>>> print(open('data.cif').read())   # mmCIF, C-alpha atoms
data_target
loop_
_atom_site.label_atom_id
_atom_site.label_comp_id
_atom_site.auth_asym_id
_atom_site.auth_seq_id
_atom_site.Cartn_x
_atom_site.Cartn_y
_atom_site.Cartn_z
CA MET Y 21 22.83 -8.06 -17.87
CA SER Y 22 22.39 -4.66 -19.48
CA ILE Y 23 19.92 -1.92 -20.14
CA ASP Y 24 20.23 -0.57 -23.66
CA VAL Y 25 21.12 3.13 -23.65
CA PRO Y 26 21.53 4.99 -26.96
CA THR Y 27 24.74 6.94 -27.54
CA THR Y 28 22.81 10.12 -28.36
CA GLY Y 29 19.71 11.18 -26.47
CA ARG Y 30 17.52 8.84 -24.45
CA ALA Y 31 15.09 6.42 -26.02
CA LEU Y 32 11.65 6.27 -24.48
CA PRO Y 33 10.83 3.01 -22.72
CA GLU Y 34 8.32 0.61 -24.22
CA LEU Y 35 4.71 0.99 -23.11
CA GLN Y 36 4.42 -2.79 -22.74
CA PRO Y 37 6.23 -3.59 -19.48
CA VAL Y 38 9.14 -6.01 -19.47
CA ARG Y 39 7.88 -9.38 -18.31
CA PHE Y 40 9.46 -12.83 -18.06
CA ILE Y 41 6.62 -14.70 -16.36
CA GLY Y 42 3.01 -14.14 -17.35
CA ALA Y 43 0.00 -14.15 -15.04
CA ASN Y 44 -0.62 -17.78 -16.01
CA GLY Y 45 2.81 -18.81 -14.80
CA GLN Y 46 4.10 -19.42 -18.31
CA PRO Y 47 7.03 -17.65 -20.02
CA ALA Y 48 5.86 -14.31 -21.36
CA ASP Y 49 6.14 -13.43 -25.03
CA THR Y 50 7.27 -9.82 -24.62
CA ASP Y 51 10.38 -7.75 -25.26
CA THR Y 52 12.82 -8.28 -22.40
CA ALA Y 53 14.93 -5.17 -23.13
CA GLY Y 54 18.11 -7.22 -23.12
CA LEU Y 55 17.68 -8.21 -19.48
CA THR Y 56 18.77 -11.59 -18.16
CA PRO Y 57 16.24 -13.51 -16.03
CA PRO Y 58 17.36 -14.98 -12.70
CA SER Y 59 18.22 -18.66 -12.40
CA LEU Y 60 15.67 -21.14 -11.09
CA SER Y 61 17.51 -21.38 -7.77
CA THR Y 62 17.45 -17.60 -7.38
CA LEU Y 63 13.80 -17.54 -8.40
CA LEU Y 64 12.98 -20.18 -5.79
CA GLY Y 65 14.62 -18.04 -3.11
CA LEU Y 66 12.64 -15.03 -4.28
CA TYR Y 67 9.42 -17.05 -4.13
CA ARG Y 68 10.18 -18.18 -0.58
CA GLN Y 69 10.75 -14.61 0.54
CA MET Y 70 7.57 -13.40 -1.17
CA VAL Y 71 5.53 -16.04 0.67
CA HIS Y 72 7.13 -14.95 3.94
CA VAL Y 73 6.44 -11.30 3.19
CA ARG Y 74 2.78 -11.90 2.42
CA ARG Y 75 2.29 -13.88 5.62
CA PHE Y 76 4.05 -11.11 7.53
CA GLU Y 77 1.80 -8.45 5.99
CA ALA Y 78 -1.34 -10.47 6.77
CA GLN Y 79 -0.27 -11.04 10.36
CA VAL Y 80 0.60 -7.39 10.94
CA THR Y 81 -2.71 -6.28 9.44
CA ALA Y 82 -4.56 -8.65 11.78
CA LEU Y 83 -2.68 -7.29 14.79
CA THR Y 84 -3.54 -3.76 13.73
CA LYS Y 85 -7.23 -4.64 13.67
CA GLN Y 86 -6.82 -6.02 17.19
CA GLY Y 87 -5.39 -2.71 18.38
CA ARG Y 88 -1.86 -4.05 18.88
CA LEU Y 89 -0.47 -1.49 16.42
CA ALA Y 90 -1.54 2.08 15.79
CA THR Y 91 -1.64 2.06 12.00
CA TYR Y 92 -0.08 0.06 9.19
CA PRO Y 93 0.31 0.56 5.43
CA SER Y 94 0.22 -2.90 3.85
CA ALA Y 95 2.18 -3.76 0.71
CA ALA Y 96 0.09 -6.85 -0.05
CA GLY Y 97 0.12 -7.35 -3.81
CA GLN Y 98 3.43 -5.54 -4.21
CA GLU Y 99 5.64 -8.38 -2.95
CA ALA Y 100 7.41 -8.95 -6.28
CA THR Y 101 8.64 -5.36 -6.46
CA GLU Y 102 9.66 -5.19 -2.81
CA VAL Y 103 11.45 -8.54 -2.74
CA GLY Y 104 12.88 -8.51 -6.26
CA ALA Y 105 14.43 -5.06 -5.96
CA THR Y 106 15.78 -5.48 -2.43
CA THR Y 107 17.28 -8.91 -3.10
CA ALA Y 108 19.29 -7.48 -6.00
CA LEU Y 109 21.17 -5.13 -3.66
CA GLY Y 110 24.71 -5.91 -2.59
CA PRO Y 111 25.56 -6.16 1.13
CA THR Y 112 27.18 -2.70 1.23
CA ASP Y 113 24.53 -0.96 -0.87
CA TRP Y 114 22.05 1.29 0.92
CA LEU Y 115 18.27 1.14 0.80
CA PHE Y 116 16.15 4.29 1.25
CA PRO Y 117 12.59 3.08 1.87
CA THR Y 118 9.17 4.59 2.47
CA TYR Y 119 6.65 3.83 5.19
CA ARG Y 120 5.10 1.10 2.99
CA ASP Y 121 8.32 -0.85 2.53
CA SER Y 122 8.34 -3.08 5.61
CA ALA Y 123 8.58 -6.03 3.22
CA ALA Y 124 11.88 -4.66 1.95
CA LEU Y 125 13.17 -4.26 5.51
CA LEU Y 126 12.19 -7.85 6.26
CA THR Y 127 13.94 -9.01 3.09
CA ARG Y 128 17.06 -7.08 4.11
CA GLY Y 129 17.15 -8.95 7.43
CA VAL Y 130 15.70 -6.47 9.92
CA PRO Y 131 14.03 -8.36 12.85
CA VAL Y 132 10.25 -8.08 12.98
CA ALA Y 133 10.21 -6.36 16.38
CA GLU Y 134 12.53 -3.66 15.06
CA ILE Y 135 10.49 -3.20 11.88
CA LEU Y 136 7.30 -2.69 13.85
CA ALA Y 137 8.73 -0.51 16.61
CA ALA Y 138 7.73 2.70 14.83
CA PHE Y 139 4.20 1.49 14.04
CA ARG Y 140 3.85 0.51 17.68
CA GLY Y 141 4.90 3.97 18.81
CA ASP Y 142 8.09 2.81 20.52
CA TRP Y 143 10.67 4.52 18.31
CA HIS Y 144 10.85 6.75 15.27
CA CYS Y 145 13.17 4.11 13.81
CA GLY Y 146 13.42 0.77 15.57
CA PHE Y 147 16.60 -0.49 13.91
CA ASN Y 148 20.21 0.59 13.52
CA PRO Y 149 20.54 1.98 9.97
CA TYR Y 150 24.26 1.25 9.85
CA GLU Y 151 23.78 -2.42 10.73
CA TYR Y 152 21.41 -3.11 7.84
CA HIS Y 153 22.41 -0.32 5.44
CA ILE Y 154 18.85 1.02 5.47
CA SER Y 155 17.83 4.58 6.19
CA PRO Y 156 14.83 5.19 8.48
CA ALA Y 157 11.61 4.57 6.54
CA ALA Y 158 10.34 7.95 5.34
CA THR Y 159 6.75 9.02 5.96
CA PRO Y 160 6.99 12.43 4.20
CA LEU Y 161 6.56 11.75 0.49
CA ALA Y 162 9.71 11.60 -1.64
CA THR Y 163 12.16 12.98 0.94
CA GLN Y 164 14.05 9.69 0.85
CA THR Y 165 14.79 10.14 -2.86
CA LEU Y 166 16.95 13.15 -2.06
CA HIS Y 167 18.66 11.26 0.74
CA ALA Y 168 19.44 8.40 -1.66
CA THR Y 169 20.92 10.80 -4.18
CA GLY Y 170 22.96 12.66 -1.58
CA TYR Y 171 24.35 9.51 -0.01
CA ALA Y 172 25.25 8.12 -3.43
CA MET Y 173 27.06 11.34 -4.27
CA ALA Y 174 29.08 11.07 -1.06
CA SER Y 175 29.86 7.43 -1.80
CA LYS Y 176 31.04 8.38 -5.28
CA LEU Y 177 33.28 11.17 -3.99
CA LYS Y 178 34.79 8.86 -1.36
CA ARG Y 179 35.14 6.00 -3.86
CA ARG Y 180 33.37 3.57 -1.54
CA GLY Y 181 31.73 1.62 -4.35
CA GLU Y 182 28.28 1.71 -2.75
CA CYS Y 183 25.03 2.08 -4.67
CA THR Y 184 21.76 3.38 -3.34
CA LEU Y 185 18.23 2.24 -4.13
CA THR Y 186 15.14 4.17 -3.20
CA PHE Y 187 11.49 3.23 -3.43
CA PHE Y 188 8.81 5.84 -4.07
CA GLY Y 189 5.24 5.70 -5.25
CA ASP Y 190 3.27 7.14 -8.14
CA GLY Y 191 1.88 9.78 -5.80
CA ALA Y 192 5.31 10.67 -4.42
CA SER Y 193 6.61 11.12 -7.98
CA SER Y 194 4.49 14.29 -8.17
CA GLU Y 195 6.46 15.83 -5.31
CA GLY Y 196 9.16 18.40 -6.01
CA ASP Y 197 11.64 16.37 -3.97
CA ALA Y 198 11.41 13.50 -6.47
CA HIS Y 199 12.14 15.86 -9.36
CA GLU Y 200 15.11 17.38 -7.57
CA ALA Y 201 16.51 13.98 -6.66
CA LEU Y 202 16.25 12.64 -10.21
CA ASN Y 203 17.68 15.83 -11.69
CA PHE Y 204 20.68 16.00 -9.37
CA ALA Y 205 21.30 12.26 -9.65
CA SER Y 206 21.56 12.74 -13.40
CA VAL Y 207 23.73 15.86 -13.18
CA TRP Y 208 26.09 14.24 -10.71
CA GLN Y 209 25.78 10.78 -12.29
CA THR Y 210 25.26 9.18 -8.90
CA PRO Y 211 25.06 5.38 -8.48
CA THR Y 212 21.36 5.51 -7.62
CA VAL Y 213 18.46 3.28 -8.66
CA PHE Y 214 15.01 4.85 -8.45
CA VAL Y 215 12.26 2.23 -8.14
CA LEU Y 216 8.88 3.82 -8.71
CA GLN Y 217 6.16 1.52 -7.42
CA ASN Y 218 3.18 2.45 -9.55
CA ASN Y 219 0.42 0.86 -7.46
CA GLN Y 220 -2.29 2.91 -9.18
CA TYR Y 221 -3.32 5.12 -6.26
CA ALA Y 222 -1.92 8.00 -4.22
CA ILE Y 223 -4.07 7.24 -1.19
CA SER Y 224 -7.49 7.77 -2.84
CA THR Y 225 -6.29 9.64 -5.93
CA PRO Y 226 -6.22 7.38 -9.00
CA LEU Y 227 -3.38 7.50 -11.48
CA ARG Y 228 -5.44 9.29 -14.13
CA ALA Y 229 -6.15 12.18 -11.74
CA GLN Y 230 -2.54 12.93 -10.82
CA SER Y 231 -0.64 12.58 -14.09
CA ASN Y 232 -1.38 12.88 -17.79
CA ALA Y 233 1.79 11.03 -18.72
CA THR Y 234 1.47 7.80 -20.66
CA MET Y 235 3.74 6.19 -18.12
CA PHE Y 236 6.11 7.33 -15.41
CA ALA Y 237 9.17 5.72 -16.99
CA ASP Y 238 8.89 8.32 -19.78
CA ARG Y 239 10.10 10.96 -17.35
CA ALA Y 240 13.60 9.49 -17.31
CA ALA Y 241 14.32 10.92 -20.77
CA GLY Y 242 13.69 14.41 -19.45
CA TYR Y 243 16.41 13.93 -16.85
CA GLY Y 244 18.82 12.42 -19.37
CA ILE Y 245 18.87 8.99 -17.74
CA PRO Y 246 17.63 5.57 -18.87
CA GLY Y 247 14.15 4.52 -17.85
CA ILE Y 248 12.47 1.16 -18.06
CA ARG Y 249 8.96 -0.08 -17.33
CA VAL Y 250 8.62 -3.57 -15.90
CA ASP Y 251 5.77 -5.74 -14.71
CA GLY Y 252 5.99 -5.08 -10.99
CA ASN Y 253 4.12 -8.32 -10.29
CA ASP Y 254 6.81 -10.37 -12.06
CA VAL Y 255 9.62 -10.84 -9.56
CA ALA Y 256 11.94 -12.15 -12.28
CA ALA Y 257 11.56 -8.93 -14.29
CA VAL Y 258 12.02 -6.70 -11.25
CA PHE Y 259 15.13 -8.57 -10.08
CA ALA Y 260 16.63 -8.50 -13.58
CA ALA Y 261 15.95 -4.79 -14.13
CA VAL Y 262 17.30 -3.70 -10.75
CA SER Y 263 20.36 -5.97 -11.09
CA ALA Y 264 21.14 -4.40 -14.47
CA ALA Y 265 20.64 -0.88 -13.11
CA LEU Y 266 22.95 -1.59 -10.19
CA GLU Y 267 25.55 -2.93 -12.60
CA ARG Y 268 25.34 0.30 -14.61
CA ALA Y 269 25.70 2.30 -11.41
CA ARG Y 270 28.78 0.37 -10.30
CA ASP Y 271 30.34 0.90 -13.72
CA GLY Y 272 30.02 4.66 -13.27
CA GLU Y 273 27.15 5.04 -15.75
CA GLY Y 274 24.85 6.86 -13.36
CA PRO Y 275 21.25 6.47 -12.21
CA THR Y 276 18.29 4.56 -13.64
CA LEU Y 277 14.55 5.03 -13.22
CA ILE Y 278 12.55 1.80 -13.06
CA GLU Y 279 8.76 1.96 -13.09
CA CYS Y 280 7.21 -1.17 -11.59
CA LEU Y 281 3.57 -1.58 -12.61
CA THR Y 282 1.79 -3.17 -9.64
CA TYR Y 283 -1.27 -2.78 -7.40
CA ARG Y 284 -2.08 -2.13 -3.75
CA ILE Y 285 -4.56 -4.88 -2.83
CA GLU Y 286 -5.26 -3.67 0.71
CA SER Y 287 -6.32 -0.21 1.86
CA HIS Y 288 -3.86 2.67 2.03
CA THR Y 289 -3.69 2.09 5.80
CA ASN Y 290 -6.09 0.46 8.25
CA SER Y 291 -7.77 3.87 8.70
CA ASP Y 292 -8.66 4.08 5.01
CA ASP Y 293 -11.86 2.86 3.30
CA PRO Y 294 -10.88 1.97 -0.29
CA THR Y 295 -14.48 1.11 -1.27
CA ARG Y 296 -15.12 4.86 -1.46
CA TYR Y 297 -12.82 5.31 -4.45
CA ARG Y 298 -12.43 1.92 -6.19
CA ASP Y 299 -14.74 -1.00 -6.87
CA SER Y 300 -14.30 -4.68 -6.08
CA ALA Y 301 -14.11 -5.63 -9.77
CA GLU Y 302 -10.87 -3.67 -10.13
CA VAL Y 303 -9.34 -5.38 -7.10
CA ASP Y 304 -10.47 -8.79 -8.37
CA HIS Y 305 -8.83 -8.09 -11.73
CA TRP Y 306 -5.49 -7.40 -10.09
CA LYS Y 307 -5.80 -10.46 -7.89
CA GLN Y 308 -5.75 -12.49 -11.09
CA LEU Y 309 -2.29 -11.03 -11.70
CA ASP Y 310 -1.02 -12.16 -8.30
CA PRO Y 311 2.79 -12.07 -8.13
CA ILE Y 312 3.13 -15.13 -5.88
CA ASP Y 313 0.75 -17.45 -7.72
CA ARG Y 314 2.43 -16.88 -11.06
CA VAL Y 315 5.95 -17.63 -9.88
CA GLU Y 316 4.74 -20.71 -8.00
CA LYS Y 317 3.20 -22.05 -11.21
CA TYR Y 318 6.37 -21.23 -13.12
CA LEU Y 319 8.61 -23.03 -10.64
CA ARG Y 320 6.35 -26.07 -10.56
CA SER Y 321 6.25 -26.28 -14.36
CA HIS Y 322 10.06 -26.24 -14.43
CA GLY Y 323 10.46 -28.88 -11.72
CA ALA Y 324 12.00 -26.45 -9.21
CA LEU Y 325 9.12 -26.72 -6.72
CA ASP Y 326 6.84 -29.55 -5.60
CA ASP Y 327 4.22 -30.05 -2.90
CA VAL Y 328 6.77 -31.07 -0.28
CA GLY Y 329 8.94 -28.06 -0.91
CA ASN Y 330 6.00 -25.71 -0.94
CA GLU Y 331 4.65 -27.07 2.34
CA GLU Y 332 8.04 -26.41 3.93
CA ILE Y 333 7.96 -22.82 2.70
CA LEU Y 334 4.42 -22.30 4.01
CA ALA Y 335 5.39 -23.82 7.36
CA SER Y 336 8.38 -21.52 7.69
CA ALA Y 337 6.10 -18.57 6.93
CA GLU Y 338 3.88 -19.62 9.85
CA VAL Y 339 6.93 -19.65 12.10
CA LEU Y 340 7.59 -16.08 11.00
CA ALA Y 341 3.98 -15.11 11.74
CA ALA Y 342 4.27 -16.61 15.22
CA SER Y 343 7.40 -14.55 15.85
CA VAL Y 344 5.45 -11.41 14.89
CA ARG Y 345 2.70 -12.27 17.37
CA ASP Y 346 5.25 -13.01 20.09
CA ALA Y 347 7.03 -9.71 19.47
CA MET Y 348 3.82 -7.70 19.68
CA ASN Y 349 2.64 -9.60 22.78
CA THR Y 350 5.76 -8.56 24.66
CA ASP Y 351 5.49 -5.26 26.51
CA SER Y 352 8.11 -2.74 25.51
CA GLU Y 353 10.42 -1.27 28.12
CA LEU Y 354 10.44 2.41 27.23
CA ASP Y 355 12.63 5.18 28.62
CA PRO Y 356 10.91 8.56 28.10
CA THR Y 357 14.26 10.36 28.28
CA GLU Y 358 15.28 8.69 25.01
CA ILE Y 359 13.42 11.44 23.17
CA PHE Y 360 16.49 13.58 23.82
CA ALA Y 361 18.91 11.02 22.39
CA HIS Y 362 20.15 11.16 18.79
CA VAL Y 363 18.88 14.72 18.26
CA TYR Y 364 22.24 16.49 18.11
CA ALA Y 365 25.76 15.08 18.10
CA ASN Y 366 26.56 17.72 20.73
CA PRO Y 367 23.45 18.21 22.93
CA ARG Y 368 22.18 21.77 23.17
CA THR Y 369 21.81 23.53 26.51
CA HIS Y 370 18.05 23.92 26.26
CA LEU Y 371 17.64 20.20 25.57
CA ARG Y 372 19.77 19.29 28.56
CA GLU Y 373 17.59 21.56 30.69
CA GLN Y 374 14.40 19.97 29.36
CA GLN Y 375 15.81 16.50 29.98
CA ALA Y 376 16.62 17.42 33.58
CA ILE Y 377 13.05 18.64 34.10
CA LEU Y 378 11.63 15.42 32.68
CA GLU Y 379 13.93 13.26 34.80
CA ALA Y 380 12.82 15.18 37.90
CA GLU Y 381 9.14 14.67 37.01
CA LEU Y 382 9.73 10.95 36.43
CA ALA Y 383 11.50 10.66 39.77
CA GLU Y 384 8.62 12.47 41.48
CA ALA Y 385 6.09 10.16 39.83
CA GLY Y 386 8.10 7.16 40.94
CA ARG Y 387 7.79 8.21 44.59
CA ARG Y 388 4.01 8.38 44.45
#
>>> encode(input="data.cif", output="structure tokens")
Amino acid sequence: MSIDVPTTGRALPELQPVRFIGANGQPADTDTAGLTPPSLSTLLGLYRQMVHVRRFEAQVTALTKQGRLATYPSAAGQEATEVGATTALGPTDWLFPTYRDSAALLTRGVPVAEILAAFRGDWHCGFNPYEYHISPAATPLATQTLHATGYAMASKLKRRGECTLTFFGDGASSEGDAHEALNFASVWQTPTVFVLQNNQYAISTPLRAQSNATMFADRAAGYGIPGIRVDGNDVAAVFAAVSAALERARDGEGPTLIECLTYRIESHTNSDDPTRYRDSAEVDHWKQLDPIDRVEKYLRSHGALDDVGNEEILASAEVLAASVRDAMNTDSELDPTEIFAHVYANPRTHLREQQAILEAELAEAGRR
């Protein structure tokens, strides 16, 4: 697998996104930019995970409406980008996600209870980053892009052979942090893959109102790095592009910017009313480009999936959904003094004093 990079300058990416599988589930007749599609067995695994992710997202959204969770930003409709990119990572590579990337955490193996701990208000980060090689999901826009660049630089200096991948959205790409991260990644030639999920909206701000660029992948040329635009609803294209970018990174060829053209089917969060800024016809159009339906049709047409196999996948997704319900129906055992943990490696005097005050108040409350 390779991404073509000219020897002088940087060629602009094609406006037509790279696509292997069309919306009808048939092979697409588009330029594939020299990328190699995944095998049928790999594609079947990607399909299984996408089905699981969508069921997870639907179950979490339902629990949010029931008041079991405070708020939740669904990635329904973006499963191909989340799953395709994350699956391409090696076991020692690091993922730097945003608040909307629970699907990526699930794909990386984080247990559902730990994924949802922050949305439940139990922890700022409910999982051990070092166990899963995932940084805490970032709520501030684009801050994680700098973290991904910095960690990759450290990995390069220490010759650890790790790559980093960071997700960020079209809205976050307008932040100064994103510019700084891309610029320094290029200057330092860090092994970083930037996956820009262009889901058409920065909360309620449409794409046309936040950028006059033809496409976000064009920006890569300004940083002196390769950029590529892929169909973010084609998991085969996403997996192939990210795999090639990671290969470049491991070979010491620096970062890559990948724009994944996709769509956010659900609201920004459960507190958002998307009908105020987009109409149902637009949503219906993107539903016709569904990332799961197209790969299911493709697998069936190639004999890699039948009714029996699909029923097994759907049943396993229901098992996952049940585990989400069970996790959220279990009361958390919280220790208020944990707010003082993991703040400083060497606790400060004023924090120790505050902790002592809190412990005294808790002890007093316990006697009442």
>>> closest_residue(input="data.cif", among="Y:Thr282, Y:Gly189, Y:Arg249, Y:Asn203", to="Thr234 (chain Y)", atoms="all atoms listed in the file")
Y:Arg249
>>> resolve_selection(input="data.cif", expression="the PyMOL selection byres ((chain Y and resi 173-179) around 8)", output="PDB file with C-alpha atoms, in the coordinates of the input")
ATOM      1  CA  THR Y 169      20.920  10.800  -4.180  1.00  0.00           C
ATOM      2  CA  GLY Y 170      22.960  12.660  -1.580  1.00  0.00           C
ATOM      3  CA  TYR Y 171      24.350   9.510  -0.010  1.00  0.00           C
ATOM      4  CA  ALA Y 172      25.250   8.120  -3.430  1.00  0.00           C
ATOM      5  CA  ARG Y 180      33.370   3.570  -1.540  1.00  0.00           C
ATOM      6  CA  GLY Y 181      31.730   1.620  -4.350  1.00  0.00           C
ATOM      7  CA  GLU Y 182      28.280   1.710  -2.750  1.00  0.00           C
ATOM      8  CA  CYS Y 183      25.030   2.080  -4.670  1.00  0.00           C
ATOM      9  CA  ALA Y 205      21.300  12.260  -9.650  1.00  0.00           C
ATOM     10  CA  TRP Y 208      26.090  14.240 -10.710  1.00  0.00           C
ATOM     11  CA  THR Y 210      25.260   9.180  -8.900  1.00  0.00           C
ATOM     12  CA  PRO Y 211      25.060   5.380  -8.480  1.00  0.00           C
TER      13      PRO Y 211
END
>>> residues_around(input="data.cif", residues="region 148-150 of chain Y", least_positions_apart="4", cutoff="10 Å", atoms="all atoms listed in the file", output="list of chain:residue names")
Y:Thr112, Y:Trp114, Y:Leu115, Y:Val130, Y:Glu134, Y:Ile154, Y:Ser155, Y:Pro156, Y:Ala157
>>> residues_around(input="data.cif", residues="Thr357 (chain Y)", least_positions_apart="3", cutoff="10 Å", atoms="only C-alpha atoms", output="PDB file with C-alpha atoms, keeping the file's coordinate frame")
ATOM      1  CA  LEU Y 354      10.440   2.410  27.230  1.00  0.00           C
ATOM      2  CA  PHE Y 360      16.490  13.580  23.820  1.00  0.00           C
ATOM      3  CA  ALA Y 361      18.910  11.020  22.390  1.00  0.00           C
ATOM      4  CA  GLN Y 374      14.400  19.970  29.360  1.00  0.00           C
ATOM      5  CA  GLN Y 375      15.810  16.500  29.980  1.00  0.00           C
ATOM      6  CA  ALA Y 376      16.620  17.420  33.580  1.00  0.00           C
ATOM      7  CA  LEU Y 378      11.630  15.420  32.680  1.00  0.00           C
ATOM      8  CA  GLU Y 379      13.930  13.260  34.800  1.00  0.00           C
ATOM      9  CA  LEU Y 382       9.730  10.950  36.430  1.00  0.00           C
TER      10      LEU Y 382
END
>>> closest_atom_pairs(input="data.cif", of="region 127-194 of chain Y", to="region 343-347 of chain Y", cutoff="12 Å", atoms="all atoms listed in the file", output="tab-separated table")
residue	atom	partner	partner_atom	distance
Y:Pro131	CA	Y:Val344	CA	9.3
Y:Val132	CA	Y:Val344	CA	6.1
Y:Ala133	CA	Y:Ala347	CA	5.6
Y:Glu134	CA	Y:Ala347	CA	9.3
Y:Ile135	CA	Y:Val344	CA	10.1
Y:Leu136	CA	Y:Val344	CA	9.0
Y:Ala137	CA	Y:Ala347	CA	9.8
Y:Arg140	CA	Y:Ala347	CA	10.9
>>> residues_around(input="data.cif", residues="Pro160 (chain Y)", least_positions_apart="5", cutoff="9 Å", atoms="only C-alpha atoms", output="number ranges by chain")
Y: 118-119, 192
>>> resolve_selection(input="data.cif", expression="the PyMOL selection byres ((chain Y and resi 64-68) around 12)", output="JSON, numbers by chain")
{"Y": [58, 59, 60, 61, 62, 63, 69, 70, 71, 72, 73, 74, 75, 99, 100, 101, 102, 103, 104, 105, 106, 107, 108, 127, 253, 254, 255, 256, 257, 258, 259, 311, 312, 313, 314, 315, 316, 317, 318, 319, 320, 322, 323, 324, 325, 326, 329, 330, 331, 332, 333, 334, 335, 336, 337]}
>>> closest_residue(input="data.cif", among="Y:Thr350, Y:Thr225, Y:Thr295, Y:Thr212", to="Glu273 (chain Y)", atoms="only C-alpha atoms")
Y:Thr212
>>> closest_residue(input="data.cif", among="Y:Leu126, Y:Thr84, Y:Glu195, Y:His144", to="Ile359 (chain Y)", atoms="only C-alpha atoms")
Y:His144
>>> atom_distance(input="data.cif", atom1="CA of Asp292 (chain Y)", atom2="CA of Thr165 (chain Y)")
25.5 Å
>>> closest_residue(input="data.cif", among="Y:Glu267, Y:Pro226, Y:Phe147, Y:Leu277", to="Gly244 (chain Y)", atoms="all atoms listed in the file")
Y:Leu277
>>> residues_around(input="data.cif", residues="Leu216 (chain Y)", least_positions_apart="3", cutoff="12 Å", atoms="all atoms listed in the file", output="CSV table (one decimal) with C-alpha atoms, in the frame of the given file")
chain,number,residue,atom,x,y,z
Y,98,GLN,CA,3.4,-5.5,-4.2
Y,101,THR,CA,8.6,-5.4,-6.5
Y,102,GLU,CA,9.7,-5.2,-2.8
Y,105,ALA,CA,14.4,-5.1,-6.0
Y,117,PRO,CA,12.6,3.1,1.9
Y,118,THR,CA,9.2,4.6,2.5
Y,162,ALA,CA,9.7,11.6,-1.6
Y,165,THR,CA,14.8,10.1,-2.9
Y,185,LEU,CA,18.2,2.2,-4.1
Y,186,THR,CA,15.1,4.2,-3.2
Y,187,PHE,CA,11.5,3.2,-3.4
Y,188,PHE,CA,8.8,5.8,-4.1
Y,189,GLY,CA,5.2,5.7,-5.2
Y,190,ASP,CA,3.3,7.1,-8.1
Y,191,GLY,CA,1.9,9.8,-5.8
Y,192,ALA,CA,5.3,10.7,-4.4
Y,193,SER,CA,6.6,11.1,-8.0
Y,194,SER,CA,4.5,14.3,-8.2
Y,198,ALA,CA,11.4,13.5,-6.5
Y,202,LEU,CA,16.2,12.6,-10.2
Y,213,VAL,CA,18.5,3.3,-8.7
Y,219,ASN,CA,0.4,0.9,-7.5
Y,220,GLN,CA,-2.3,2.9,-9.2
Y,235,MET,CA,3.7,6.2,-18.1
Y,236,PHE,CA,6.1,7.3,-15.4
Y,237,ALA,CA,9.2,5.7,-17.0
Y,238,ASP,CA,8.9,8.3,-19.8
Y,239,ARG,CA,10.1,11.0,-17.4
Y,240,ALA,CA,13.6,9.5,-17.3
Y,247,GLY,CA,14.2,4.5,-17.8
Y,248,ILE,CA,12.5,1.2,-18.1
Y,249,ARG,CA,9.0,-0.1,-17.3
Y,250,VAL,CA,8.6,-3.6,-15.9
Y,251,ASP,CA,5.8,-5.7,-14.7
Y,252,GLY,CA,6.0,-5.1,-11.0
Y,258,VAL,CA,12.0,-6.7,-11.2
Y,262,VAL,CA,17.3,-3.7,-10.8
Y,276,THR,CA,18.3,4.6,-13.6
Y,277,LEU,CA,14.6,5.0,-13.2
Y,278,ILE,CA,12.6,1.8,-13.1
Y,279,GLU,CA,8.8,2.0,-13.1
Y,280,CYS,CA,7.2,-1.2,-11.6
Y,281,LEU,CA,3.6,-1.6,-12.6
Y,282,THR,CA,1.8,-3.2,-9.6
>>> resolve_selection(input="data.cif", expression="the PyMOL selection byres ((chain Y and resi 224) around 8)", output="list in words")
Tyr221, Ala222, Ile223, Thr225, Pro226, His288, Pro294 and Tyr297 of chain Y
